[in-house]
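Asks: Next comes start31.tsv, TSV, C-alpha atoms (C1' of nucleotides):
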```tsv
chain	number	residue	atom	x	y	z
K	1	MET	CA	0.00	0.00	0.00
K	2	ASP	CA	2.16	2.86	1.23
K	3	GLY	CA	5.63	3.51	-0.10
K	4	GLU	CA	7.30	2.77	3.21
K	5	SER	CA	6.57	-0.92	3.43
K	6	ASP	CA	10.17	-1.86	2.71
K	7	SER	CA	11.85	1.29	3.88
K	8	LEU	CA	14.41	-0.76	5.73
K	9	ASN	CA	16.03	-1.44	2.38
K	10	ASP	CA	15.96	2.03	0.93
K	11	ARG	CA	19.54	2.86	1.86
K	12	LYS	CA	21.68	-0.05	0.82
K	13	LEU	CA	25.18	-1.24	1.39
K	14	PRO	CA	27.15	-2.51	-1.59
K	15	SER	CA	25.77	-5.89	-2.60
K	16	THR	CA	27.55	-8.75	-0.93
K	17	ALA	CA	28.70	-9.88	-4.36
K	18	ARG	CA	30.75	-6.66	-4.60
K	19	SER	CA	31.79	-6.56	-0.99
K	20	LEU	CA	35.50	-6.18	-0.53
K	21	PRO	CA	35.84	-8.40	2.56
K	22	ILE	CA	33.84	-11.22	1.00
K	23	ALA	CA	35.58	-10.92	-2.37
K	24	LEU	CA	38.98	-11.05	-0.67
K	25	ILE	CA	38.00	-14.13	1.30
K	26	ARG	CA	36.67	-15.93	-1.76
K	27	ALA	CA	39.78	-15.23	-3.79
K	28	ARG	CA	41.92	-16.40	-0.92
K	29	GLU	CA	39.96	-19.64	-0.75
K	30	LYS	CA	40.54	-20.26	-4.43
K	31	VAL	CA	44.27	-19.76	-4.03
K	32	MET	CA	44.61	-21.72	-0.80
K	33	GLY	CA	42.65	-24.82	-1.78
K	34	PRO	CA	45.39	-26.44	-3.88
K	35	ILE	CA	48.11	-25.17	-1.53
K	36	ARG	CA	46.43	-26.86	1.44
K	37	GLU	CA	46.19	-30.05	-0.56
K	38	MET	CA	49.90	-29.88	-1.31
K	39	LEU	CA	50.83	-29.16	2.30
K	40	SER	CA	48.68	-31.92	3.74
K	41	ASN	CA	51.14	-34.35	2.20
K	42	SER	CA	53.83	-32.84	4.44
K	43	GLY	CA	51.50	-32.71	7.44
K	44	LEU	CA	51.68	-28.92	7.48
K	45	THR	CA	49.01	-26.29	7.80
K	46	GLU	CA	49.01	-23.15	5.75
K	47	GLN	CA	50.21	-21.06	8.70
K	48	GLN	CA	53.03	-23.44	9.56
K	49	TRP	CA	54.15	-23.24	5.93
K	50	ARG	CA	54.02	-19.44	6.05
K	51	ILE	CA	56.29	-19.35	9.10
K	52	LEU	CA	58.80	-21.68	7.50
K	53	ARG	CA	58.82	-19.63	4.30
K	54	VAL	CA	59.39	-16.36	6.10
K	55	LEU	CA	62.19	-17.77	8.25
K	56	ASP	CA	63.82	-19.37	5.22
K	57	GLU	CA	63.63	-16.12	3.29
K	58	LEU	CA	64.59	-13.63	6.00
K	59	GLY	CA	66.63	-15.73	8.41
K	60	PRO	CA	66.14	-15.91	12.19
K	61	LEU	CA	63.63	-13.39	13.50
K	62	ASP	CA	62.22	-12.40	16.86
K	63	SER	CA	58.57	-13.22	17.42
K	64	THR	CA	57.25	-9.77	16.66
K	65	LYS	CA	59.03	-9.42	13.33
K	66	LEU	CA	58.08	-12.96	12.41
K	67	SER	CA	54.42	-12.26	13.10
K	68	GLU	CA	54.54	-9.11	10.99
K	69	ASN	CA	56.04	-10.92	8.05
K	70	ALA	CA	53.84	-13.99	8.32
K	71	SER	CA	50.71	-11.94	8.99
K	72	LEU	CA	49.91	-13.90	12.14
K	73	LEU	CA	48.79	-12.59	15.49
K	74	LEU	CA	51.20	-13.35	18.29
K	75	PRO	CA	48.90	-15.60	20.31
K	76	SER	CA	48.31	-17.81	17.26
K	77	GLN	CA	51.96	-17.74	16.35
K	78	THR	CA	53.00	-18.84	19.82
K	79	ARG	CA	51.06	-22.07	19.46
K	80	ILE	CA	52.10	-22.66	15.87
K	81	VAL	CA	55.78	-22.20	16.69
K	82	GLN	CA	55.30	-24.62	19.56
K	83	THR	CA	54.06	-27.32	17.19
K	84	LEU	CA	56.88	-26.55	14.74
K	85	LEU	CA	59.33	-26.96	17.62
K	86	GLU	CA	57.86	-30.36	18.40
K	87	LYS	CA	58.24	-31.32	14.76
K	88	GLY	CA	61.85	-30.16	14.81
K	89	LEU	CA	61.30	-27.68	11.98
K	90	VAL	CA	62.30	-24.54	13.90
K	91	THR	CA	64.34	-23.61	16.95
K	92	ARG	CA	63.57	-20.92	19.50
K	93	GLN	CA	65.82	-19.23	22.03
K	94	ALA	CA	65.82	-16.09	24.12
K	95	ASP	CA	67.83	-13.21	22.73
K	96	PRO	CA	70.87	-12.84	25.04
K	97	SER	CA	70.78	-9.04	24.83
K	98	ASP	CA	67.06	-8.84	25.69
K	99	ARG	CA	65.67	-11.97	27.19
K	100	ARG	CA	62.12	-10.89	26.55
K	101	ARG	CA	62.72	-11.47	22.86
K	102	GLN	CA	62.43	-14.95	21.42
K	103	THR	CA	64.49	-15.61	18.32
K	104	VAL	CA	63.00	-18.21	16.00
K	105	ALA	CA	65.00	-19.92	13.25
K	106	ILE	CA	64.30	-22.60	10.66
K	107	THR	CA	66.16	-25.92	10.95
K	108	PRO	CA	67.63	-27.97	8.11
K	109	ALA	CA	64.64	-30.28	8.43
K	110	GLY	CA	62.40	-27.26	7.94
K	111	GLN	CA	64.36	-26.19	4.89
K	112	GLN	CA	64.04	-29.68	3.51
K	113	ILE	CA	60.25	-29.44	3.69
K	114	ILE	CA	60.38	-26.24	1.69
K	115	LEU	CA	62.53	-28.02	-0.86
K	116	ASP	CA	60.11	-30.92	-0.96
K	117	ASN	CA	57.26	-28.61	-1.90
K	118	LEU	CA	59.17	-26.14	-4.05
K	119	ASP	CA	58.27	-27.59	-7.43
K	120	GLU	CA	54.60	-27.98	-6.67
K	121	ALA	CA	54.35	-24.53	-5.10
K	122	GLN	CA	55.95	-22.98	-8.17
K	123	ARG	CA	53.61	-24.95	-10.39
K	124	LEU	CA	50.58	-23.67	-8.49
K	125	ALA	CA	51.80	-20.07	-8.68
K	126	ALA	CA	52.44	-20.47	-12.38
K	127	HIS	CA	48.98	-21.87	-12.95
K	128	ILE	CA	47.38	-18.78	-11.49
K	129	GLU	CA	49.46	-16.56	-13.73
K	130	THR	CA	48.51	-18.69	-16.71
K	131	VAL	CA	44.80	-18.43	-16.06
K	132	LEU	CA	44.62	-14.80	-14.95
K	133	GLY	CA	47.61	-13.43	-16.82
K	134	LYS	CA	50.84	-12.20	-15.27
K	135	GLU	CA	49.93	-8.53	-15.74
K	136	THR	CA	46.67	-9.03	-13.90
K	137	VAL	CA	48.36	-10.79	-10.99
K	138	ASP	CA	51.01	-8.08	-10.78
K	139	ARG	CA	48.37	-5.39	-10.88
K	140	LEU	CA	46.47	-7.20	-8.14
K	141	LEU	CA	49.55	-7.39	-5.91
K	142	ASP	CA	50.19	-3.70	-6.52
K	143	ILE	CA	46.66	-2.81	-5.50
K	144	LEU	CA	46.78	-5.01	-2.42
K	145	GLU	CA	50.00	-3.31	-1.33
K	146	GLU	CA	48.19	0.00	-1.39
K	147	PHE	CA	45.94	-1.17	1.42
K	148	ASP	CA	48.81	-0.33	3.76
K	149	ARG	CA	47.79	3.28	3.28
K	150	LEU	CA	44.43	2.70	4.94
Q	247	MET	CA	84.43	-22.48	-1.07
Q	248	ASP	CA	82.14	-24.29	-3.48
Q	249	GLY	CA	79.16	-22.75	-5.19
Q	250	GLU	CA	76.74	-25.16	-3.59
Q	251	SER	CA	76.92	-23.96	-0.01
Q	252	ASP	CA	73.47	-22.38	-0.21
Q	253	SER	CA	72.05	-24.47	-2.99
Q	254	LEU	CA	68.88	-24.91	-0.99
Q	255	ASN	CA	67.94	-21.39	-2.01
Q	256	ASP	CA	68.85	-21.52	-5.65
Q	257	ARG	CA	65.31	-22.13	-6.88
Q	258	LYS	CA	63.07	-19.66	-5.13
Q	259	LEU	CA	59.42	-19.12	-4.62
Q	260	PRO	CA	58.06	-15.61	-5.02
Q	261	SER	CA	59.10	-13.53	-2.02
Q	262	THR	CA	56.57	-13.61	0.76
Q	263	ALA	CA	56.07	-9.88	0.21
Q	264	ARG	CA	54.66	-10.70	-3.24
Q	265	SER	CA	52.85	-13.84	-2.19
Q	266	LEU	CA	49.23	-13.84	-3.22
Q	267	PRO	CA	47.86	-15.65	-0.12
Q	268	ILE	CA	49.74	-13.37	2.26
Q	269	ALA	CA	48.89	-10.22	0.32
Q	270	LEU	CA	45.20	-11.17	0.30
Q	271	ILE	CA	45.24	-11.80	4.04
Q	272	ARG	CA	46.93	-8.51	4.80
Q	273	ALA	CA	44.51	-6.52	2.68
Q	274	ARG	CA	41.62	-8.29	4.35
Q	275	GLU	CA	42.98	-7.37	7.76
Q	276	LYS	CA	43.17	-3.73	6.78
Q	277	VAL	CA	39.57	-3.75	5.62
Q	278	MET	CA	38.21	-5.78	8.51
Q	279	GLY	CA	39.82	-3.92	11.40
Q	280	PRO	CA	37.44	-0.95	11.42
Q	281	ILE	CA	34.46	-3.17	10.54
Q	282	ARG	CA	35.16	-5.39	13.56
Q	283	GLU	CA	35.36	-2.33	15.73
Q	284	MET	CA	31.99	-1.17	14.44
Q	285	LEU	CA	30.38	-4.58	14.95
Q	286	SER	CA	31.70	-5.05	18.45
Q	287	ASN	CA	29.30	-2.31	19.51
Q	288	SER	CA	26.45	-4.55	18.37
Q	289	GLY	CA	28.03	-7.64	19.89
Q	290	LEU	CA	28.42	-9.21	16.46
Q	291	THR	CA	31.33	-10.97	14.82
Q	292	GLU	CA	32.27	-10.41	11.24
Q	293	GLN	CA	30.76	-13.76	10.20
Q	294	GLN	CA	27.50	-13.13	12.02
Q	295	TRP	CA	27.26	-9.79	10.22
Q	296	ARG	CA	27.94	-11.48	6.89
Q	297	ILE	CA	25.10	-13.94	7.41
Q	298	LEU	CA	22.68	-11.17	8.34
Q	299	ARG	CA	23.70	-9.13	5.30
Q	300	VAL	CA	23.25	-12.02	2.90
Q	301	LEU	CA	19.86	-12.96	4.32
Q	302	ASP	CA	18.73	-9.35	4.25
Q	303	GLU	CA	19.83	-8.98	0.65
Q	304	LEU	CA	18.68	-12.30	-0.79
Q	305	GLY	CA	15.85	-13.31	1.52
Q	306	PRO	CA	15.44	-16.71	3.23
Q	307	LEU	CA	17.95	-19.30	2.01
Q	308	ASP	CA	18.69	-22.93	2.68
Q	309	SER	CA	21.96	-23.63	4.48
Q	310	THR	CA	23.92	-24.56	1.39
Q	311	LYS	CA	23.02	-21.44	-0.56
Q	312	LEU	CA	23.60	-19.31	2.49
Q	313	SER	CA	27.06	-20.75	2.96
Q	314	GLU	CA	27.91	-20.12	-0.69
Q	315	ASN	CA	26.85	-16.50	-0.49
Q	316	ALA	CA	28.44	-15.81	2.88
Q	317	SER	CA	31.61	-17.74	2.01
Q	318	LEU	CA	31.37	-19.87	5.12
Q	319	LEU	CA	31.90	-23.60	5.46
Q	320	LEU	CA	28.82	-25.44	6.64
Q	321	PRO	CA	30.24	-26.65	9.96
Q	322	SER	CA	31.17	-23.09	10.90
Q	323	GLN	CA	27.87	-21.77	9.68
Q	324	THR	CA	25.92	-24.29	11.72
Q	325	ARG	CA	27.44	-22.92	14.90
Q	326	ILE	CA	27.11	-19.30	13.87
Q	327	VAL	CA	23.45	-19.69	12.92
Q	328	GLN	CA	22.89	-21.34	16.29
Q	329	THR	CA	24.20	-18.28	18.12
Q	330	LEU	CA	22.16	-15.98	15.86
Q	331	LEU	CA	19.10	-18.05	16.73
Q	332	GLU	CA	19.80	-17.57	20.42
Q	333	LYS	CA	20.13	-13.83	19.82
Q	334	GLY	CA	16.81	-13.82	17.98
Q	335	LEU	CA	18.36	-12.39	14.81
Q	336	VAL	CA	17.44	-15.27	12.48
Q	337	THR	CA	14.94	-18.11	12.31
Q	338	ARG	CA	15.51	-21.62	11.01
Q	339	GLN	CA	13.04	-24.26	9.89
Q	340	ALA	CA	13.04	-27.42	7.86
Q	341	ASP	CA	11.88	-27.06	4.26
Q	342	PRO	CA	8.49	-28.85	4.08
Q	343	SER	CA	9.20	-30.23	0.60
Q	344	ASP	CA	12.60	-31.65	1.59
Q	345	ARG	CA	13.11	-31.91	5.28
Q	346	ARG	CA	16.85	-32.32	4.91
Q	347	ARG	CA	17.01	-28.66	3.94
Q	348	GLN	CA	17.06	-25.98	6.61
Q	349	THR	CA	15.70	-22.60	5.59
Q	350	VAL	CA	17.25	-19.66	7.42
Q	351	ALA	CA	15.69	-16.19	7.47
Q	352	ILE	CA	16.54	-12.85	9.08
Q	353	THR	CA	14.18	-11.49	11.74
Q	354	PRO	CA	13.08	-7.87	12.19
Q	355	ALA	CA	15.54	-7.64	15.08
Q	356	GLY	CA	18.28	-8.77	12.68
Q	357	GLN	CA	17.24	-6.18	10.12
Q	358	GLN	CA	17.31	-3.55	12.82
Q	359	ILE	CA	20.96	-4.34	13.54
Q	360	ILE	CA	21.79	-3.85	9.89
Q	361	LEU	CA	20.01	-0.51	10.04
Q	362	ASP	CA	21.92	0.44	13.17
Q	363	ASN	CA	25.23	-0.08	11.39
Q	364	LEU	CA	24.26	1.13	7.94
Q	365	ASP	CA	25.68	4.64	8.16
Q	366	GLU	CA	28.96	3.58	9.65
Q	367	ALA	CA	29.39	0.70	7.19
Q	368	GLN	CA	28.78	3.04	4.28
Q	369	ARG	CA	31.23	5.50	5.75
Q	370	LEU	CA	33.92	2.82	5.99
Q	371	ALA	CA	33.33	1.69	2.42
Q	372	ALA	CA	33.50	5.29	1.24
Q	373	HIS	CA	36.75	5.85	3.09
Q	374	ILE	CA	38.43	3.01	1.23
Q	375	GLU	CA	37.30	4.43	-2.10
Q	376	THR	CA	38.56	7.85	-1.09
Q	377	VAL	CA	42.03	6.58	-0.22
Q	378	LEU	CA	42.49	4.05	-3.01
Q	379	GLY	CA	40.26	5.61	-5.65
Q	380	LYS	CA	36.99	4.21	-6.91
Q	381	GLU	CA	38.51	2.96	-10.16
Q	382	THR	CA	41.15	1.02	-8.26
Q	383	VAL	CA	38.59	-0.61	-6.00
Q	384	ASP	CA	36.39	-1.52	-8.95
Q	385	ARG	CA	39.37	-2.95	-10.80
Q	386	LEU	CA	40.30	-4.94	-7.70
Q	387	LEU	CA	36.80	-6.39	-7.41
Q	388	ASP	CA	36.87	-7.29	-11.09
Q	389	ILE	CA	40.18	-9.10	-10.69
Q	390	LEU	CA	39.02	-10.93	-7.58
Q	391	GLU	CA	35.92	-12.14	-9.42
Q	392	GLU	CA	38.18	-13.74	-12.00
Q	393	PHE	CA	39.50	-16.11	-9.39
Q	394	ASP	CA	36.34	-18.12	-9.91
Q	395	ARG	CA	37.97	-19.32	-13.13
Q	396	LEU	CA	40.74	-21.08	-11.19
W	261	DT	C1'	68.36	1.89	43.86
W	262	DG	C1'	63.84	0.82	44.55
W	263	DT	C1'	59.58	1.89	42.29
W	264	DT	C1'	56.93	2.49	38.30
W	265	DA	C1'	56.20	2.32	33.44
W	266	DT	C1'	56.96	0.09	29.21
W	267	DT	C1'	57.79	-3.73	26.10
W	268	DA	C1'	57.76	-8.68	24.36
W	269	DT	C1'	55.62	-12.68	24.77
W	270	DT	C1'	52.52	-16.04	26.57
W	271	DT	C1'	48.14	-17.68	28.59
W	272	DA	C1'	43.24	-17.79	28.70
W	273	DA	C1'	38.62	-17.68	26.83
W	274	DT	C1'	35.61	-17.63	23.15
W	275	DA	C1'	34.65	-17.87	18.06
W	276	DT	C1'	35.69	-19.55	13.64
W	277	DG	C1'	38.22	-22.64	10.08
W	278	DT	C1'	39.08	-27.23	8.35
W	279	DT	C1'	38.55	-32.10	7.53
W	280	DA	C1'	36.36	-36.36	8.50
W	281	DA	C1'	32.69	-38.95	10.31
W	282	DA	C1'	27.88	-39.31	11.70
W	283	DT	C1'	23.00	-38.47	10.97
W	284	DA	C1'	18.82	-38.09	8.67
W	285	DA	C1'	16.03	-37.64	4.77
W	286	DT	C1'	15.38	-38.41	-0.12
W	287	DA	C1'	16.37	-40.80	-4.48
W	288	DT	C1'	17.60	-44.99	-6.95
W	289	DT	C1'	17.79	-49.64	-7.95
W	290	DT	C1'	16.39	-54.24	-8.14
O	164	DA	C1'	8.63	-52.12	-1.42
O	165	DA	C1'	13.29	-53.32	0.66
O	166	DA	C1'	18.02	-52.46	0.13
O	167	DT	C1'	21.33	-49.25	-1.41
O	168	DA	C1'	23.09	-44.91	-2.83
O	169	DT	C1'	22.98	-40.06	-2.68
O	170	DT	C1'	22.25	-35.55	-0.62
O	171	DA	C1'	21.90	-31.90	3.13
O	172	DT	C1'	23.21	-30.90	7.40
O	173	DT	C1'	25.23	-31.56	11.82
O	174	DT	C1'	28.67	-33.32	15.10
O	175	DA	C1'	33.35	-34.09	16.40
O	176	DA	C1'	38.22	-33.09	16.77
O	177	DC	C1'	41.83	-30.31	16.16
O	178	DA	C1'	44.01	-25.81	14.41
O	179	DT	C1'	43.78	-20.95	14.03
O	180	DA	C1'	41.74	-16.04	14.99
O	181	DT	C1'	40.67	-12.52	18.16
O	182	DT	C1'	40.65	-9.88	22.34
O	183	DA	C1'	41.91	-9.34	27.04
O	184	DA	C1'	44.61	-10.46	30.90
O	185	DA	C1'	48.84	-12.29	32.84
O	186	DT	C1'	53.82	-12.79	32.93
O	187	DA	C1'	58.44	-11.55	32.68
O	188	DA	C1'	62.13	-8.69	31.48
O	189	DT	C1'	63.88	-4.11	30.52
O	190	DA	C1'	63.66	0.94	30.73
O	191	DA	C1'	62.68	5.16	32.99
O	192	DC	C1'	62.61	7.85	36.91
O	193	DA	C1'	62.02	9.71	41.53
```
Render the structure in this file as structure tokens.
Replies:
Amino acid sequence: MDGESDSLNDRKLPSTARSLPIALIRAREKVMGPIREMLSNSGLTEQQWRILRVLDELGPLDSTKLSENASLLLPSQTRIVQTLLEKGLVTRQADPSDRRRQTVAITPAGQQIILDNLDEAQRLAAHIETVLGKETVDRLLDILEEFDRL
Amino acid sequence: MDGESDSLNDRKLPSTARSLPIALIRAREKVMGPIREMLSNSGLTEQQWRILRVLDELGPLDSTKLSENASLLLPSQTRIVQTLLEKGLVTRQADPSDRRRQTVAITPAGQQIILDNLDEAQRLAAHIETVLGKETVDRLLDILEEFDRL
DNA sequence: TGTTATTATTTAATATGTTAAATAATATTT
DNA sequence: AAATATTATTTAACATATTAAATAATAACA
């Protein structure tokens, strides 16, 4: 009857199909699916893999810098590092000059796991560039970097 | 001595700084931070908000379609819908024509919460477009949609 | 130097993510 | 129609995410 019957919907948010948070999550799922499958063969989770990769690339790091580079929150990282310690893939020791700091390093066994998955990981990255095009992927990474300005 | 001393690193993956999964996670964090802050005032998590938004936009849905649109896995969604039920923000009932299916719908109280956060959510979305530029955000959403082809 | 403030990390509590197994209803097959 | 297979959802178990509080070491300061 009156024009107010669905007034709750008059002012709308962007449709969920064009929602940035949801779109980012969906894309991430698409990328992670095959990576998780690969890692399950090594008994690793995605986050464990991320920690190993960062330590292999940057060398030993204290917990804070590790968490920044692996995009993990410290409470999560604490547990994940603990399981990596039990698996013998990383070491952890207090920094002698500031014993609050914990220095985490990858072990040779950890490096070996990276080696074991290197080919497949490269293949997966290449597949994405094949389907989407290298320019598109580069442009995407450039745009995502700009989010630091928010 | 020999050229093989660091041969473990000869074949490299893309640097973690240009890693698609990590870049997607970081961008998502940047977007979600202020949204989480907004939602905490309503006592909602990001996922609860997503379910309410999808139901408000698309109307009552069975669990599978809801999970597709909210990008949630069914086991997570089951729990989240349960808490939304307890809060009185959604209803759930078996589909009469196929009692395996559960139809979930938003309640007026749920719609009210969307209304309560509408202005702020729009403001946050606008802020992102101001900083990054509307064209950039649109291009990003276009690229992210292409991940469905993977 | 003893007290207080700050910093780095961990612990705790609750919510969600992920995979596999269980459940329950419908569809298929013989 | 009874047995079997398939489908939709939930339950279970473990891992991670998030926020707040606790811990422990260092820094700052009266």
Asks: Interatomic distance between CA of Val327 (chain Q) and C1' of DT276 (chain W)?
Replies: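 Straight-line distance from CA of Val327 (chain Q) to C1' of DT276 (chain W) works out to 12.3 Å.
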Asks: Is it possible to get the superposed chain Q, fitted on chain K over all Cα pairs by sequence order, as a compact mmCIF listing (two decimals) with C-alpha atoms, in the coordinates of the input?
Replies:
```txt
# COMPACT_ATOMS: atom_id res chain seq x y z
CA MET Q 247 -0.15 0.62 0.04
CA ASP Q 248 2.33 3.19 1.29
CA GLY Q 249 5.82 3.65 -0.05
CA GLU Q 250 7.42 2.84 3.27
CA SER Q 251 6.61 -0.85 3.48
CA ASP Q 252 10.21 -1.83 2.78
CA SER Q 253 11.90 1.32 3.94
CA LEU Q 254 14.43 -0.77 5.81
CA ASN Q 255 16.09 -1.44 2.48
CA ASP Q 256 16.03 2.02 1.03
CA ARG Q 257 19.62 2.85 1.92
CA LYS Q 258 21.75 -0.07 0.87
CA LEU Q 259 25.22 -1.30 1.41
CA PRO Q 260 27.15 -2.59 -1.59
CA SER Q 261 25.77 -5.99 -2.58
CA THR Q 262 27.56 -8.83 -0.89
CA ALA Q 263 28.73 -9.94 -4.33
CA ARG Q 264 30.75 -6.71 -4.56
CA SER Q 265 31.78 -6.64 -0.93
CA LEU Q 266 35.50 -6.25 -0.49
CA PRO Q 267 35.84 -8.50 2.61
CA ILE Q 268 33.83 -11.29 1.02
CA ALA Q 269 35.56 -10.97 -2.35
CA LEU Q 270 38.97 -11.11 -0.66
CA ILE Q 271 37.99 -14.21 1.30
CA ARG Q 272 36.68 -16.00 -1.76
CA ALA Q 273 39.79 -15.27 -3.79
CA ARG Q 274 41.92 -16.47 -0.92
CA GLU Q 275 39.98 -19.72 -0.78
CA LYS Q 276 40.56 -20.30 -4.46
CA VAL Q 277 44.29 -19.79 -4.06
CA MET Q 278 44.63 -21.75 -0.84
CA GLY Q 279 42.70 -24.88 -1.80
CA PRO Q 280 45.43 -26.47 -3.92
CA ILE Q 281 48.17 -25.21 -1.57
CA ARG Q 282 46.47 -26.91 1.39
CA GLU Q 283 46.25 -30.09 -0.59
CA MET Q 284 49.96 -29.91 -1.35
CA LEU Q 285 50.88 -29.21 2.27
CA SER Q 286 48.74 -31.96 3.70
CA ASN Q 287 51.22 -34.40 2.18
CA SER Q 288 53.88 -32.88 4.42
CA GLY Q 289 51.56 -32.74 7.41
CA LEU Q 290 51.73 -28.95 7.45
CA THR Q 291 49.04 -26.32 7.75
CA GLU Q 292 49.03 -23.19 5.70
CA GLN Q 293 50.22 -21.10 8.67
CA GLN Q 294 53.04 -23.48 9.52
CA TRP Q 295 54.18 -23.27 5.90
CA ARG Q 296 54.03 -19.48 6.02
CA ILE Q 297 56.28 -19.36 9.08
CA LEU Q 298 58.81 -21.70 7.49
CA ARG Q 299 58.82 -19.65 4.28
CA VAL Q 300 59.37 -16.37 6.09
CA LEU Q 301 62.17 -17.77 8.24
CA ASP Q 302 63.81 -19.36 5.23
CA GLU Q 303 63.63 -16.11 3.30
CA LEU Q 304 64.57 -13.62 6.01
CA GLY Q 305 66.61 -15.70 8.42
CA PRO Q 306 66.11 -15.90 12.21
CA LEU Q 307 63.58 -13.37 13.51
CA ASP Q 308 62.18 -12.36 16.86
CA SER Q 309 58.51 -13.21 17.41
CA THR Q 310 57.19 -9.75 16.65
CA LYS Q 311 58.97 -9.42 13.32
CA LEU Q 312 58.04 -12.95 12.41
CA SER Q 313 54.39 -12.27 13.09
CA GLU Q 314 54.49 -9.12 10.97
CA ASN Q 315 56.01 -10.94 8.03
CA ALA Q 316 53.81 -14.02 8.30
CA SER Q 317 50.67 -11.97 8.99
CA LEU Q 318 49.88 -13.93 12.12
CA LEU Q 319 48.73 -12.62 15.48
CA LEU Q 320 51.15 -13.38 18.28
CA PRO Q 321 48.85 -15.66 20.28
CA SER Q 322 48.27 -17.83 17.22
CA GLN Q 323 51.92 -17.77 16.33
CA THR Q 324 52.96 -18.86 19.81
CA ARG Q 325 50.97 -22.05 19.42
CA ILE Q 326 52.07 -22.66 15.85
CA VAL Q 327 55.75 -22.20 16.68
CA GLN Q 328 55.27 -24.63 19.55
CA THR Q 329 54.05 -27.34 17.19
CA LEU Q 330 56.87 -26.56 14.74
CA LEU Q 331 59.31 -26.94 17.63
CA GLU Q 332 57.87 -30.36 18.41
CA LYS Q 333 58.25 -31.31 14.75
CA GLY Q 334 61.86 -30.15 14.81
CA LEU Q 335 61.31 -27.66 11.99
CA VAL Q 336 62.29 -24.51 13.92
CA THR Q 337 64.31 -23.57 16.98
CA ARG Q 338 63.53 -20.87 19.52
CA GLN Q 339 65.77 -19.14 22.04
CA ALA Q 340 65.76 -16.02 24.12
CA ASP Q 341 67.75 -13.10 22.71
CA PRO Q 342 70.78 -12.71 25.03
CA SER Q 343 70.69 -8.90 24.81
CA ASP Q 344 66.98 -8.70 25.68
CA ARG Q 345 65.61 -11.84 27.18
CA ARG Q 346 62.03 -10.78 26.55
CA ARG Q 347 62.65 -11.39 22.86
CA GLN Q 348 62.39 -14.89 21.44
CA THR Q 349 64.44 -15.56 18.33
CA VAL Q 350 62.97 -18.19 16.02
CA ALA Q 351 64.98 -19.89 13.27
CA ILE Q 352 64.29 -22.59 10.68
CA THR Q 353 66.16 -25.89 10.99
CA PRO Q 354 67.66 -27.95 8.15
CA ALA Q 355 64.67 -30.27 8.46
CA GLY Q 356 62.41 -27.24 7.96
CA GLN Q 357 64.38 -26.16 4.91
CA GLN Q 358 64.09 -29.66 3.54
CA ILE Q 359 60.30 -29.44 3.68
CA ILE Q 360 60.40 -26.24 1.69
CA LEU Q 361 62.58 -28.01 -0.85
CA ASP Q 362 60.17 -30.93 -0.97
CA ASN Q 363 57.32 -28.62 -1.93
CA LEU Q 364 59.22 -26.16 -4.08
CA ASP Q 365 58.33 -27.59 -7.48
CA GLU Q 366 54.67 -28.01 -6.72
CA ALA Q 367 54.39 -24.55 -5.15
CA GLN Q 368 55.99 -22.99 -8.20
CA ARG Q 369 53.66 -24.95 -10.42
CA LEU Q 370 50.62 -23.67 -8.53
CA ALA Q 371 51.83 -20.08 -8.72
CA ALA Q 372 52.48 -20.48 -12.43
CA HIS Q 373 49.01 -21.88 -12.99
CA ILE Q 374 47.39 -18.79 -11.51
CA GLU Q 375 49.45 -16.55 -13.78
CA THR Q 376 48.52 -18.68 -16.76
CA VAL Q 377 44.80 -18.42 -16.09
CA LEU Q 378 44.61 -14.80 -14.96
CA GLY Q 379 47.59 -13.40 -16.84
CA LYS Q 380 50.81 -12.18 -15.30
CA GLU Q 381 49.91 -8.52 -15.74
CA THR Q 382 46.64 -9.04 -13.89
CA VAL Q 383 48.35 -10.78 -11.00
CA ASP Q 384 51.00 -8.08 -10.78
CA ARG Q 385 48.34 -5.38 -10.86
CA LEU Q 386 46.44 -7.21 -8.13
CA LEU Q 387 49.53 -7.40 -5.92
CA ASP Q 388 50.16 -3.71 -6.50
CA ILE Q 389 46.62 -2.83 -5.48
CA LEU Q 390 46.75 -5.05 -2.41
CA GLU Q 391 49.97 -3.36 -1.30
CA GLU Q 392 48.14 -0.04 -1.34
CA PHE Q 393 45.93 -1.22 1.46
CA ASP Q 394 48.78 -0.39 3.80
CA ARG Q 395 47.77 3.24 3.30
CA LEU Q 396 44.40 2.63 4.98
```
Asks: Name the residues in contact with region 170-181 of chain O at a cut-off of 8 Å, using only C-alpha atoms (C1' of nucleotides), excluding same-chain residues fewer than 4 positions from it; report them as a ChimeraX atom specification.
Replies: /K:73,76 /Q:309-310,320-321,324,346-348 /W:275-278,281-283,286
Asks: Please indicate the distance in Å from CA of Ser42 (chain K) to CA of Glu314 (chain Q), rounded to one decimal place.
Replies: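 For CA of Ser42 (chain K) relative to CA of Glu314 (chain Q), the distance reads 29.3 Å.
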Asks: Select, from K:Gln77, K:Gln48, K:Ala27, K:Leu13, the residue with the minimum atom-to-atom distance to chain W, counting only C-alpha atoms (C1' of nucleotides).
Replies: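 Using only C-alpha atoms (C1' of nucleotides), chain W sits closest to K:Gln77.
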Asks: Neighbours of His373 (chain Q) within 10 Å (all atoms listed in the file; same-chain residues fewer than 6 positions away dropped), as a PyMOL selection string?
Replies: (chain K and resi 150) or (chain Q and resi 367+379)
Asks: Deliver the residues from the most recent selection as a file, using C-alpha atoms, as a tab-separated table (two decimals), in the frame of the given file.
Replies:
```tsv
chain	number	residue	atom	x	y	z
K	150	LEU	CA	44.43	2.70	4.94
Q	367	ALA	CA	29.39	0.70	7.19
Q	379	GLY	CA	40.26	5.61	-5.65
```
